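Visitor: Pasting in a structure now, in structure tokens, and then I'll have a few things to ask.
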Protein chains: 6
Amino acid sequence: MRAKIQEYLREDIGSGDITSELVVPADDMARGRVVCKEDCVVAGLEEASVVFKELGAKTVRIKQDGSSAKKGEVVLEVVGTARSVLAGERLALNFVMRMSGIATLTSGLVEKAKRVNPGVRVAATRKTTPGFREFEKRAVLLGGGDPHRSGLYDAVLIKDNHIRIAGGVKAALSRARKGSFTKKIEIEVESPEDARTAAREGADIIMLDNFGPEEVRKLSSELKAINPDVLIEASGGIRPDTVEKYAAGADIISLGWLTHSVRSVDFSMEIEKAGPGSH
Amino acid sequence: MRAKIQEYLREDIGSGDITSELVVPADDMARGRVVCKEDCVVAGLEEASVVFKELGAKTVRIKQDGSSAKKGEVVLEVVGTARSVLAGERLALNFVMRMSGIATLTSGLVEKAKRVNPGVRVAATRKTTPGFREFEKRAVLLGGGDPHRSGLYDAVLIKDNHIRIAGGVKAALSRARKGSFTKKIEIEVESPEDARTAAREGADIIMLDNFGPEEVRKLSSELKAINPDVLIEASGGIRPDTVEKYAAGADIISLGWLTHSVRSVDFSMEIEKAGPGSH
Amino acid sequence: MRAKIQEYLREDIGSGDITSELVVPADDMARGRVVCKEDCVVAGLEEASVVFKELGAKTVRIKQDGSSAKKGEVVLEVVGTARSVLAGERLALNFVMRMSGIATLTSGLVEKAKRVNPGVRVAATRKTTPGFREFEKRAVLLGGGDPHRSGLYDAVLIKDNHIRIAGGVKAALSRARKGSFTKKIEIEVESPEDARTAAREGADIIMLDNFGPEEVRKLSSELKAINPDVLIEASGGIRPDTVEKYAAGADIISLGWLTHSVRSVDFSMEIEKAGPGSH
Amino acid sequence: MRAKIQEYLREDIGSGDITSELVVPADDMARGRVVCKEDCVVAGLEEASVVFKELGAKTVRIKQDGSSAKKGEVVLEVVGTARSVLAGERLALNFVMRMSGIATLTSGLVEKAKRVNPGVRVAATRKTTPGFREFEKRAVLLGGGDPHRSGLYDAVLIKDNHIRIAGGVKAALSRARKGSFTKKIEIEVESPEDARTAAREGADIIMLDNFGPEEVRKLSSELKAINPDVLIEASGGIRPDTVEKYAAGADIISLGWLTHSVRSVDFSMEIEKAGPGSH
Amino acid sequence: MRAKIQEYLREDIGSGDITSELVVPADDMARGRVVCKEDCVVAGLEEASVVFKELGAKTVRIKQDGSSAKKGEVVLEVVGTARSVLAGERLALNFVMRMSGIATLTSGLVEKAKRVNPGVRVAATRKTTPGFREFEKRAVLLGGGDPHRSGLYDAVLIKDNHIRIAGGVKAALSRARKGSFTKKIEIEVESPEDARTAAREGADIIMLDNFGPEEVRKLSSELKAINPDVLIEASGGIRPDTVEKYAAGADIISLGWLTHSVRSVDFSMEIEKAGPGSH
Amino acid sequence: MRAKIQEYLREDIGSGDITSELVVPADDMARGRVVCKEDCVVAGLEEASVVFKELGAKTVRIKQDGSSAKKGEVVLEVVGTARSVLAGERLALNFVMRMSGIATLTSGLVEKAKRVNPGVRVAATRKTTPGFREFEKRAVLLGGGDPHRSGLYDAVLIKDNHIRIAGGVKAALSRARKGSFTKKIEIEVESPEDARTAAREGADIIMLDNFGPEEVRKLSSELKAINPDVLIEASGGIRPDTVEKYAAGADIISLGWLTHSVRSVDFSMEIEKAGPGSH
């Protein structure tokens with residue numbers, strides 16, 4: 001994480017924070033408070049702390065990542081040279097705003113879905129902002145969701161395009177079983193017939209792509225009759241307002257919305273001069 | 001850009017695309033088409049092309065970045081080994097979906113605002129996804145917006161926290177004028193009185209933070225009477241639905257929403273086997 | 001892979017190949033042949049080709065990675081400036097020698113083990129040379145082995161130290177089940193009792209650590225009676241000469257020896273001047 | 001070294017140690033002991049310490065690199081969060097196991113060779129694992145061997161292929177003398193005649209490639225009669241069991257075996273929960 | 001800055017400081033004093049401190065960057081292991097010698113120019129040593145000069161070649177005005193006519209390239225009559241001995257000499273053994 | 001070299017060449033000519049070519065590195081998109097100007113020194129610009145000088161500070177002889193007595209630090225009587241105008257001036273629009 005945060009600081013600071021270098025004396029100390037501007041599940045405080053630490057300032061987390069925060073609450077305090085606090089302000093807030101947006105949305109959907117089916121999982125996808133995936137996945141986790149696979153390297157997921165090239169569900173699964181015994185095999189299907197083949201051929205997880213909630217429920221029972229251990233994932237075109245409907249029939253509901261269309265939660269930072277002894 | 005895209009590919013592919021290595025023969029060729037699923041201003045095609053080029057595949061851009069695309073239109077074609085097309089699919093789409101989301105929103109707001117005031121600019125902020133700023137700023141530009149400064153290094157912007165530490169608008173501006181003659185000096189103010197001081201002290205740009213549309217209009221006239229060359233930027237709490245109201249009174253309207261709370265535009269990729277001669 | 005190979009070239013060439021710069025004219029062309037000095041399963045030719053490509057030379061693979069080569073056979077040819085061929089020689093050979101050593105050992109053990117039990121897998125571990133794991137794992141794969149997990153990130157493997165900290169097998173498995181549904185759960189046990197608990201608690205894979213071959217066989221039957229889908233991995237202190245004995249009773253036999261104590265296969269490179277037209 | 005170790009940690013941990021994150025509470029402290037499983041010359045403890053330091057844990061070295069350790073002895077202790085100790089365990093052991101293997105083999109050969117000829121040096125070659133050379137060379141040094149040159153950049157070594165391209169030993173040496181006065185010139189020869197030419201032309205070191213032990217002894221006397229300051233290095237096809245035979249006649253005996261075919265020494269790590277005050 | 005300094009240490013130390021490893025015991029402590037060998041404005045002490053800090057040694061700055069130092073004065077003290085002090089010596093001195101050379105030259109020219117025209121600025125250019133620009137620009141600043149733009153990214157500067165391609169001053173300025181409102185627009189002109197066009201078209205800064213001092217003075221008055229806010233920069237072929245002549249007529253005098261042809265100031269480092277308690 | 005040049009391009013271009021993006025159409029082609037503004041030995045053309053190649057433009061070298069160029073001569077031509085030619089212009093010129101400055105100064109001093117003593121070498125030191133050493137050393141080589149060691153890693157050089165810590169010349173040399181047989185041992189001495197000890201103790205090179213030309217000559221004869229193979233290097237406070245005086249008595253004359261106080265040679269680039277067919 002530190003390497004990423006150093007990269008992000010370079011992105012924002014580049015050849016220097018020319019405003020602070022001009023306006024703020026090098027030795028002035030400051031205290032900053034990150035304040036929540038709307039109720040949310042807060043996330044990104046760990047990252048924000050590392051941001052300030054990299055710049056030589058010290059932080060105290062008033063709230064923990066994954067907990068609820070109310071409008072007006074202080075979630076993080078920072079003390080350091082005024083220049084370091086100012087240099088880290090935007091990056092720290094960008095972390096907290098976006099990650100809290102994701103955690104808050106996820107948390108709301110998990111709560112709704114679990115009310116219908118306590119065992120269901122709400123999962124993210126690989127539809128993340130390039131380079132920022134680890135933080136978006138962590139925010140999903142903090143909101144109570146399942147991060148799903150991290151990338152192409154940590155689980156086998158046979159998608160429509162793979163099946164087309166392999167020449168069908170059966171051929172694709174047969175090839176996939178030659179992979180390392182350490183990995184699960186998931187397959188995405190677009191028809192009930194393919195779903196049944198997948199269940200019979202031993203897929204560990206079957207992703208039902210673009211099926212309606214009712215179809216998912218019926219097909220799920222049928223597939224579990226074939227293989228009781230198979231997991232059923234509903235995916236494709238699911239939106240925040242349709243998650244609940246899928247909860248009854250699926251083990252997992254996955255939606256890109258959690259990471260690609262989320263609204264940030266508003267936070268701001270209030271900075272004031274601090275005495276030299278306050279560091 | 002290439003270094004970033006290599007980093008993003010590592011993020012997604014890591015130690016290897018284990019599905020394609022198992023399911024897709026190494027020599028199979030494929031053709032992919034990126035299809036637009038809703039009307040939009042398309043962006044990110046240049047980035048998507050570099051993604052596939054890094055993986056050894058070739059692309060043809062059917063649409064140009066910044067142009068309009070209709071639901072169902074193909075915007076990009078790619079030909080290469082099936083493994084390379086599959087390995088780049090998600091990253092390419094993540095670029096196009098997010099950047100088109102930003103370009104589309106920006107374009108709509110610019111159009112609305114210019115109808116009121118043809119000279120007005122709609123500008124982004126530094127509230128971007130960490131590490132991904134250059135692409136989000138480029139999407140704003142493609143949508144007809146102004147990217148604003150790139151980071152802390154390329155323009156002086158004195159904010160509330162700077163003023164507090166410097167001890168007032170006048171002191172802050174006086175210090176800032178010692179900076180390089182190559183940089184403009186912008187200052188953010190929260191009261192009409194501070195705005196007037198800033199205009200008198202020679203600020204190049206005055207950002208009116210959290211003023212109402214009507215206040216902005218009146219104050220702007222007053223400030224231009226003091227200094228005809230000063231530019232007035234309205235900022236703070238502006239949302240897509242209030243942009244229009246600020247258009248009459250400001251030279252620039254800036255809002256974080258363009259980059260921190262945008263909904264992605266939906267795109268998908270259709271891949272089919274291609275003959276060996278099609279490369 | 002390219003980034004790694006660039007790093008390796010820097011390691012060997014550093015501030016310059018001072019011998020060739022002095023002794024070899026800049027425009028001289030040369031042809032090199034990589035020759036096998038003992039019978040083996042060859043591996044590393046893809047990597048060797050990238051080495052020379054990075055240096056601007058061209059290669060022809062006479063043998064394919066994973067195939068058998070006899071003493072005296074040429075496996076790769078390279079043509080380029082004499083300086084580039086000489087600069088890449090050592091790195092290319094280091095790849096081929098070590099990777100062929102691993103592939104050859106693996107291949108021999110896989111053959112022996114499959115004679116006893118055709119369904120058994122011979123697997124590597126994480127006991128690899130730091131930084132060089134991807135190539136060592138690939139060599140295992142080319143020799144017909146299973147690479148096992150790539151690192152701590154792509155599969156859950158609860159080891160003795162985890163169990164101790166978690167407070168027992170049951171507690172550890174219970175916590176692990178909260179992880180992403182996309183990952184298998186493997187657990188290492190040191191007693192039959194723990195093995196039975198693990199099977200009952202739904203572990204996907206049970207690693208029997210430091211059990212004798214006969215114990216593995218008996219326990220395996222017992223555990224599959226509890227859960228027919230569980231996979232049994234024998235591990236701990238297994239050496240090339242004991243692999244065969246474990247083959248009857250285990251689904252997987254894993255040993256660090258494949259990567260941490262392998263003898264390299266000897267290869268050499270013969271270089272001769274080439275005419276200018278031979279490039 | 002730190003940059004390398006950070007790279008190695010990324011290799012193993014990647015997007016996260018998913019097992020520990022699930023099974024081990026974030027605040028649990030642990031104490032680990034690295035235990036030697038067979039008599040050896042220990043090496044890699046410095047590297048192992050840096051591994052744990054990078055992860056925020058603290059270490060105490062019980063043994064020093066280069067000293068002897070007996071089976072069962074603890075060589076290193078580590079205290080930190082259980083997650084950090086577990087995350088560093090494999091990498092630390094991989095360092096210690098491989099480096100101790102090299103140091104132990106080197107030490108044994110040096111002892112044998114010096115019994116015959118107290119002034120002789122046993123040297124490594126560039127036949128190292130790509131990327132890991134600095135550690136393998138250091139292990140040779142800790143075992144009492146000579147690391148030889150670090151790469152192509154720090155000494156002139158004219159090999160058979162250079163001679164062929166330059167058009168003979170004399171021509172090659174004549175060109176090499178134009179290099180910086182700061183570098184020694186070594187040349188590899190395959191015939192007594194070439195060796196004599198090299199001695200007459202002022203080579204600082206003559207490497208006798210693939211000569212028998214008796215030939216090396218006789219030729220060495222002859223060459224030192226020509227140039228008393230010349231150093232004679234025996235190389236090519238020398239194995240651990242033939243080192244001793246070459247000791248009488250050569251100043252240096254070099255063999256790739258030290259780094260390319262070494263057996264790792266077995267070490268393990270025992271981890272137990274530690275109280276919060278033990279950090 | 002730390003990443004750069006780590007890169008510079010790698011450049012000098014590479015695979016190891018072989019002299020100190022042989023000659024200096026690992027535990028010996030040493031104290032070093034950086035001594036000024038000629039009167040100067042000192043710069044680079046901050047960088048030198050980071051060099052030693054990276055190597056684990058501690059420093060005390062006796063002088064501050066930007067202050068004057070007399071021949072024989074100590075400017076920096078360092079205490080640490082003898083090996084760390086020796087390993088950092090050359091890099092630290094290289095920083096201080098070059099940066100003090102730039103600061104001293106700049107300071108002298110600023111003083112001369114301000115005697116003629118107290119408001120004038122002496123500015124650097126982009127004619128810097130590749131990779132070392134940030135330090136050379138900082139040295140200019142410490143000497144009282146203006147760093148000018150940092151690169152192509154932070155200010156618009158339309159040069160002769162741009163004008164030629166754009167088809168004239170007017171066309172070029174018209175296009176440039178479409179850029180972000182946050183950036184100033186500077187244009188380089190080679191004739192009085194082009195200068196007048198530039199002033200009329202609203203350029204923020206006009207660079208008069210290769211004009212004589214007298215021409216600059218006359219043209220400057222004329223241009224300020226057109227646009228009182230325009231800044232006039234004299235540039236092109238200005239040398240240390242001609243700076244003074246341009247001071248009367250220009251707002252800014254820029255010259256590449258400050259960074260591309262500066263003579264280093266001589267500094268040396270005296271190192272002595274320190275007791276173990278002195279760390 | 002490519003990695004360095006990519007870093008340098010990032011330094012100059014950063015988040016984008018905002019001038020060219022505004023003023024120069026993306027598809028315009030241009031041709032540039034690098035013109036020499038004063039007689040010199042040209043260097044850096046290879047680097048300049050790589051700069052433009054990285055940006056997608058093509059170059060033709062009219063002059064070769066290390067050859068003489070007259071004022072007004074074109075040394076390099078480049079053709080590409082106008083944006084790429086403009087983006088690379090400054091970096092390419094910065095390479096050529098500084099490296100030609102070094103090569104020209106070196107060449108002049110070598111010529112003068114060799115007139116006195118044809119066997120003498122003029123050598124650089126480690127007093128180089130941080131990060132840019134490889135290019136400065138290469139320029140010295142192109143000017144006919146000796147680059148001396150590349151860093152602390154490729155030759156043993158015992159300096160005054162080492163001797164002080166080791167406790168004298170004899171002790172220091174005795175320790176140094178335990179280093180790898182592949183490295184020469186050089187020692188810096190400040191008194192004739194130490195020089196004699198060094199010669200007797202087998203130093204390969206003795207650096208006479210801050211001796212006068214006449215002292216060097218006398219001492220050199222004396223030292224060669226002790227050890228005929230020893231090389232004598234004069235160093236310390238030597239300036240361009242005193243090189244000649246040292247030529248008679250030393251084998252090598254080294255001076256930091258070559259790299260730390262050199263004046264750049266002036267070059268400029270003329271760019272004109274090129275037709276689309278000219279690429």
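By convention here, the chains of the structure tokens are called A, B, ... in the order presented, each chain's residues are numbered starting at 1, and ligands are numbered starting at 1 in the order presented.
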Extract, using only C-alpha atoms, all DNA, RNA and protein residues at most 8 Å from segment 230-247 of chain B, discarding same-chain residues fewer than 3 positions from it, and format them as a ChimeraX atom specification.

Guide: /B:109,112-114,116-117,120,199,203-214,216-217,220,223-224,227,250-255,257

Visitor: Compile the residues of chain A that lie within 12 Å of chain D, evaluated using only C-alpha atoms, and express the compilation as a PyMOL selection string.

Guide: chain A and resi 1-3+132-135+137-138+141+147+149-151+153-154

Visitor: Using only N, CA and C atoms, please write the residues we just selected to a file, as a PDB file, in the first residue's frame.

Guide:
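File written: again.pdb
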ATOM      1  N   MET A   1       0.820  -1.208   0.000  1.00  0.00           N
ATOM      2  CA  MET A   1       0.000   0.000   0.000  1.00  0.00           C
ATOM      3  C   MET A   1       0.859   1.265   0.000  1.00  0.00           C
ATOM      4  N   ARG A   2       2.005   1.196   0.719  1.00  0.00           N
ATOM      5  CA  ARG A   2       2.828   2.410   0.801  1.00  0.00           C
ATOM      6  C   ARG A   2       3.324   2.861  -0.570  1.00  0.00           C
ATOM      7  N   ALA A   3       3.712   1.901  -1.398  1.00  0.00           N
ATOM      8  CA  ALA A   3       4.219   2.256  -2.722  1.00  0.00           C
ATOM      9  C   ALA A   3       3.141   2.976  -3.538  1.00  0.00           C
ATOM     10  N   PHE A 132      -6.762   1.242  -8.894  1.00  0.00           N
ATOM     11  CA  PHE A 132      -7.301   1.535  -7.564  1.00  0.00           C
ATOM     12  C   PHE A 132      -8.093   0.352  -7.014  1.00  0.00           C
ATOM     13  N   ARG A 133      -7.984  -0.792  -7.683  1.00  0.00           N
ATOM     14  CA  ARG A 133      -8.838  -1.925  -7.333  1.00  0.00           C
ATOM     15  C   ARG A 133      -8.691  -2.369  -5.886  1.00  0.00           C
ATOM     16  N   GLU A 134      -7.453  -2.455  -5.392  1.00  0.00           N
ATOM     17  CA  GLU A 134      -7.298  -2.992  -4.032  1.00  0.00           C
ATOM     18  C   GLU A 134      -8.074  -2.175  -2.998  1.00  0.00           C
ATOM     19  N   PHE A 135      -8.156  -0.876  -3.242  1.00  0.00           N
ATOM     20  CA  PHE A 135      -8.861  -0.024  -2.280  1.00  0.00           C
ATOM     21  C   PHE A 135     -10.375  -0.145  -2.458  1.00  0.00           C
ATOM     22  N   LYS A 137     -11.953  -2.804  -3.564  1.00  0.00           N
ATOM     23  CA  LYS A 137     -12.324  -4.126  -3.038  1.00  0.00           C
ATOM     24  C   LYS A 137     -12.347  -4.094  -1.499  1.00  0.00           C
ATOM     25  N   ARG A 138     -11.369  -3.404  -0.928  1.00  0.00           N
ATOM     26  CA  ARG A 138     -11.333  -3.312   0.531  1.00  0.00           C
ATOM     27  C   ARG A 138     -12.557  -2.562   1.065  1.00  0.00           C
ATOM     28  N   LEU A 141     -15.433  -4.908   1.168  1.00  0.00           N
ATOM     29  CA  LEU A 141     -15.270  -5.787   2.327  1.00  0.00           C
ATOM     30  C   LEU A 141     -15.696  -5.059   3.609  1.00  0.00           C
ATOM     31  N   PRO A 147     -15.409  -9.465  -1.843  1.00  0.00           N
ATOM     32  CA  PRO A 147     -14.636  -8.793  -2.901  1.00  0.00           C
ATOM     33  C   PRO A 147     -14.595  -9.558  -4.226  1.00  0.00           C
ATOM     34  N   ARG A 149     -13.078 -12.298  -6.963  1.00  0.00           N
ATOM     35  CA  ARG A 149     -11.647 -12.512  -7.230  1.00  0.00           C
ATOM     36  C   ARG A 149     -10.924 -11.174  -7.404  1.00  0.00           C
ATOM     37  N   SER A 150      -9.641 -11.171  -7.128  1.00  0.00           N
ATOM     38  CA  SER A 150      -8.852  -9.944  -7.205  1.00  0.00           C
ATOM     39  C   SER A 150      -8.448  -9.611  -8.633  1.00  0.00           C
ATOM     40  N   GLY A 151      -8.305 -10.632  -9.454  1.00  0.00           N
ATOM     41  CA  GLY A 151      -7.903 -10.396 -10.836  1.00  0.00           C
ATOM     42  C   GLY A 151      -7.958 -11.698 -11.589  1.00  0.00           C
ATOM     43  N   TYR A 153      -5.791 -13.753 -11.968  1.00  0.00           N
ATOM     44  CA  TYR A 153      -4.786 -14.709 -11.496  1.00  0.00           C
ATOM     45  C   TYR A 153      -5.228 -15.580 -10.326  1.00  0.00           C
ATOM     46  N   ASP A 154      -6.305 -15.255  -9.653  1.00  0.00           N
ATOM     47  CA  ASP A 154      -6.559 -15.957  -8.394  1.00  0.00           C
ATOM     48  C   ASP A 154      -7.800 -16.848  -8.381  1.00  0.00           C
TER      49      ASP A 154
END

Visitor: From the set C:Ile271, C:Ala82, C:Ala171, C:Leu9, which residue has the shortest atom-to-atom contact distance to Pro25 of chain C, counting only C-alpha atoms?

Guide: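 Distance minimum relative to Pro25 of chain C lands on C:Ala82.
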
Visitor: How would you write, as a ChimeraX atom specification, the set of residues in segment 14-261 of chain A that DSSP gives as helix (DSSP H, G or I)?

Guide: /A:18-23,45-54,82-116,133-142,160-166,169-176,192-200,213-226,243-246,257-260

Visitor: Write out as JSON, numbers by chain which residues come within 7 Å of segment 266-269 of chain C when counting only C-alpha atoms, dropping same-chain ones fewer than 2 positions away.

Guide: {"C": [32, 33, 34, 35, 36, 37, 38, 93, 97, 264, 271]}

Visitor: Give me, please, the distance in Å between atom CA of Asp160 of chain E and atom CA of Arg121 of chain E, quoted to one decimal.

Guide: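 So the answer is 23.0 Å.
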